[in-house]
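A.B. asks: Here's a structure for you.
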Amino acid sequence: MNGRILEVVGLTMDFGGIRALNNVDLDVKQGEIVALIGPNGAGKTTFFNCITGLYRPTKGDIFLYRQGSSRASLKGMKPNRVTEVGLARTFQNIRLFPQMTVLENVMIGRHCRTSSTIFGALVRNTSTRMEEDSIIESSHRMLVKIGLTQYENEIAKNLPYGAQRRLEIARALATEPELLLLDEPAAGMNPQETSELVNLIQSIAAEGQSILLIEHDMKLVMNLSERIFVMDYGKKIAEGTPEQIRNNPTVIKAYLGEEVDA
Amino acid sequence: MEYFIELLLSGLTRGAIYALIALGYTMVYGIIGLINFAHGEIYMIGAFTSFIVATILSIYGFPLLAIIVLAGLAAVIWSASYGYTIEKIAYKPLRKAPRLSALISAIGMSIFLQNYVLLAQTSEFLPFPQLIPDFPFMEPIAHIVGSTDLVILVTTTIAMLILTVVIKYTKIGKAMRATSQDRTMAMLVGINVDRIISVTFIIGSSMAAIGGLLIASHIGQINFSIGFLAGIKAFTAAVLGGIGSVPGAVLGSVVLGLTESFATGYVSSDYEDVFAFSLLVLILIFKPSGLLGKVESQKV
């Protein structure tokens with residue numbers, strides 16, 4: 001059994017009088033694909049926003065276990081620090097940098113792992129140049145891996161929908177995350193694009209990347225994930241393997257409503 | 001014909017100066033969507049700083065080149081620290097507030113800085129020393145274009161080239177573009193957005209300071225209120241070209257400079273500002289997004 005990579009303890013988030021997240025516990029193990037599911041408004045995206053630093057949770061804590069170092073608490077960290085520590089995410093509605101090229105979008109993800117300064121950029125000293133070259137090269141490799149090389153110098157907003165989704169994943173991976181968060185990666189995709197996406201996620205996972213994803217496409221969730229967490233009304237109502245979740249009466253109730261005795 | 005060329009060159013010089021200031025407006029607008037009305041005052045502070053430093057250095061008998069370089073450097077550093085500080089105390093706390101709040105804060109900052117310099121220095125017009133000598137090689141065409149104009153054109157061109165390279169090819173430039181396109185997403189790819197905003201203010205203020213030094217030695221006098229009109233003109237130029245667009249700011253500045261120069265030369269110098277602002281009104285009626293600006297799509 002691999003060690004944990006993410007541990008969320010008692011996460012609670014209040015917006016005024018509304019409790020969007022109520023004491024949620026969740027964990028992801030090294031190299032695992034975990035899904036977070038639940039009906040609309042269950043608090044899944046709020047959960048992502050809390051752990052990536054966009055919202056400051058009311059209560060609870062988030063720990064990231066990095067390889068070869070001790071755990072880091074992400075609570076109260078700014079989003080850019082969270083990314084540096086090792087979380088990267090995509091959005092339900094795609095958020096690329098629309099006016100930049102595909103290559104630039106990936107390069108910008110890599111920049112948080114580099115150290116060059118504005119002065120280095122101006123005088124173009126050797127270390128800056130070498131660093132820039134290595135960024136271009138590794139970004140290029142990333143595009144090959146994700147299968148977007150034909151669009152390399154295209155402006156991001158001109159890409160077809162499925163390619164934009166893949167580019168968003170490529171940009172997130174470029175930050176070399178310990179854990180990749182995907183918020184409804186298959187939303188709006190046709191069946192063929194979805195099956196390509198499943199292949200992509202599987203190939204990323206095969207390289208040892210840990211993934212936590214939110215998804216509504218149950219077929220995709222059941223195919224991909226090793227464990228599933230189910231939320232409803234801000235609470236975690238179930239966790240387990242796809243098999244266990246499929247037969248869990250609480251989950252069925254949350255999705256389909258209560259059975260009426262005839 | 002010679003008169004035309006003279007007007008053309010003086011228009012380009014004006015345009016170059018406007019561009020140095022307009023870039024600060026347009027960059028700040030591009031990054032945080034704020035019209036930084038205190039920007040004209042940054043330029044004025046740059047002019048005052050270079051005046052003070054140049055005066056002190058010339059008392060001690062420094063050579064002219066050293067005076068220009070040191071005065072320019074001092075102006076850049078001093079203005080940049082003002083720009084940085086203004087953002088931290090007047091705009092950053094309002095970043096999540098409605099846009100109007102930050103705008104009013106900017107106007108307040110502008111008024112404060114004017115009065116601060118008025119009290120700390122003087123309300124008089126001060127004679128600014130001619131820092132840039134008449135170059136001997138310019139002698140044959142000195143009646144068309146002065147040496148100061150030449151220096152202004154060259155300096156501005158160099159500044160723009162550096163800026164373009166920085167924005168287009170460097171890491172910090174990419175981070176600036178990313179921040180202006182989607183600030184939240186920029187944070188999530190690990191960009192320290194606060195730092196990028198500070199850098200933007202520092203770059204914009206530095207260019208305004210260079211503009212302050214150059215135009216003060218061009219016109220020959222400075223005053224605490226010079227930032228107001230220069231700021232309004234540069235703002236006009238930025239809007240003309242399409243606010244938020246860097247090439248737009250340069251184009252708008254050149255168009256504005258030429259318009260003013262020709263209007264002054266062929267009509268009357270009394271109507272200089274009338275022409276400048278009529279141009280602005282016309283552009284806003286017929287092409288509200290500016291010459292190179294993008295139509296702002298509604299965010300859903």
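Chain lettering (A, B, ...) mirrors the order of the structure tokens, residue numbering begins at 1 for each chain separately, and ligand numbering begins at 1 in order of display.
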Find the spatial neighbours of A:Arg246, counting only C-alpha atoms, within a cut-off of 12 Å - ignore same-chain residues fewer than 3 positions away - and output them as number ranges by chain.
C.D. replies: A: 37, 218-219, 221-222, 227-230, 238-243, 249-253, 255
A.B. asks: Compile the residues of chain B that lie within 6 Å of chain A, evaluated using only C-alpha atoms, and express the compilation as a ChimeraX atom specification.
C.D. replies: /B:170,181,187-192
A.B. asks: Could you write those residues out with N, CA and C atoms, as a PDB file, in the first residue's frame?
C.D. replies:
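Written output follows (part.pdb):
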```pdb
ATOM      1  N   THR B 170       9.923  37.267 -22.322  1.00  0.00           N
ATOM      2  CA  THR B 170      10.486  36.846 -21.044  1.00  0.00           C
ATOM      3  C   THR B 170       9.427  36.193 -20.163  1.00  0.00           C
ATOM      4  N   GLN B 181      -4.950  38.418 -18.597  1.00  0.00           N
ATOM      5  CA  GLN B 181      -6.001  37.641 -19.256  1.00  0.00           C
ATOM      6  C   GLN B 181      -6.895  36.901 -18.263  1.00  0.00           C
ATOM      7  N   MET B 187      -2.789  32.883 -10.789  1.00  0.00           N
ATOM      8  CA  MET B 187      -2.362  32.440  -9.459  1.00  0.00           C
ATOM      9  C   MET B 187      -2.239  30.924  -9.426  1.00  0.00           C
ATOM     10  N   LEU B 188      -3.202  30.253 -10.084  1.00  0.00           N
ATOM     11  CA  LEU B 188      -3.245  28.793  -9.997  1.00  0.00           C
ATOM     12  C   LEU B 188      -2.169  28.100 -10.829  1.00  0.00           C
ATOM     13  N   VAL B 189      -1.481  28.844 -11.706  1.00  0.00           N
ATOM     14  CA  VAL B 189      -0.315  28.218 -12.334  1.00  0.00           C
ATOM     15  C   VAL B 189       0.960  28.680 -11.627  1.00  0.00           C
ATOM     16  N   GLY B 190       0.791  29.246 -10.439  1.00  0.00           N
ATOM     17  CA  GLY B 190       1.959  29.538  -9.615  1.00  0.00           C
ATOM     18  C   GLY B 190       2.532  30.923  -9.782  1.00  0.00           C
ATOM     19  N   ILE B 191       1.794  31.829 -10.439  1.00  0.00           N
ATOM     20  CA  ILE B 191       2.315  33.190 -10.593  1.00  0.00           C
ATOM     21  C   ILE B 191       1.966  33.998  -9.349  1.00  0.00           C
ATOM     22  N   ASN B 192       2.965  34.676  -8.803  1.00  0.00           N
ATOM     23  CA  ASN B 192       2.727  35.555  -7.669  1.00  0.00           C
ATOM     24  C   ASN B 192       2.148  36.868  -8.206  1.00  0.00           C
TER      25      ASN B 192
END
```
A.B. asks: Hey, which of B:Gly146, B:Gly204, B:Gly227, B:Gly61 ends up closest to B:Ile77? Count only C-alpha atoms.
C.D. replies: B:Gly204
A.B. asks: Can you work out the spacing between atom CA of B:Phe125 and atom CA of B:Phe51 in Å, to one decimal?
C.D. replies: 12.0 Å
A.B. asks: Give me, as number ranges by chain, the residues of stretch 32-136 of chain B that a backbone DSSP run labels alpha helix (DSSP H).
C.D. replies: B: 32, 39-59, 64-86, 99-120
A.B. asks: Would you list the contacts of A:Ala42 as a count of residues only, taking every protein, DNA or RNA residue within 6 Å and counting only C-alpha atoms, but skipping same-chain residues closer than 2 positions in sequence?
C.D. replies: 8
A.B. asks: Give me, as a list in words, all polymer residues having an atom no more than 12 Å from B:Ile141, counting only C-alpha atoms and skipping those fewer than 3 positions away in the same chain.
C.D. replies: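 Answer for this query is Glu2, Ile5, Glu6, Leu9, Asp134, Phe135, Pro136, Phe137, Met138, Ile144, Val145, Gly146, Ser147, Asp149 and Leu150 of chain B.
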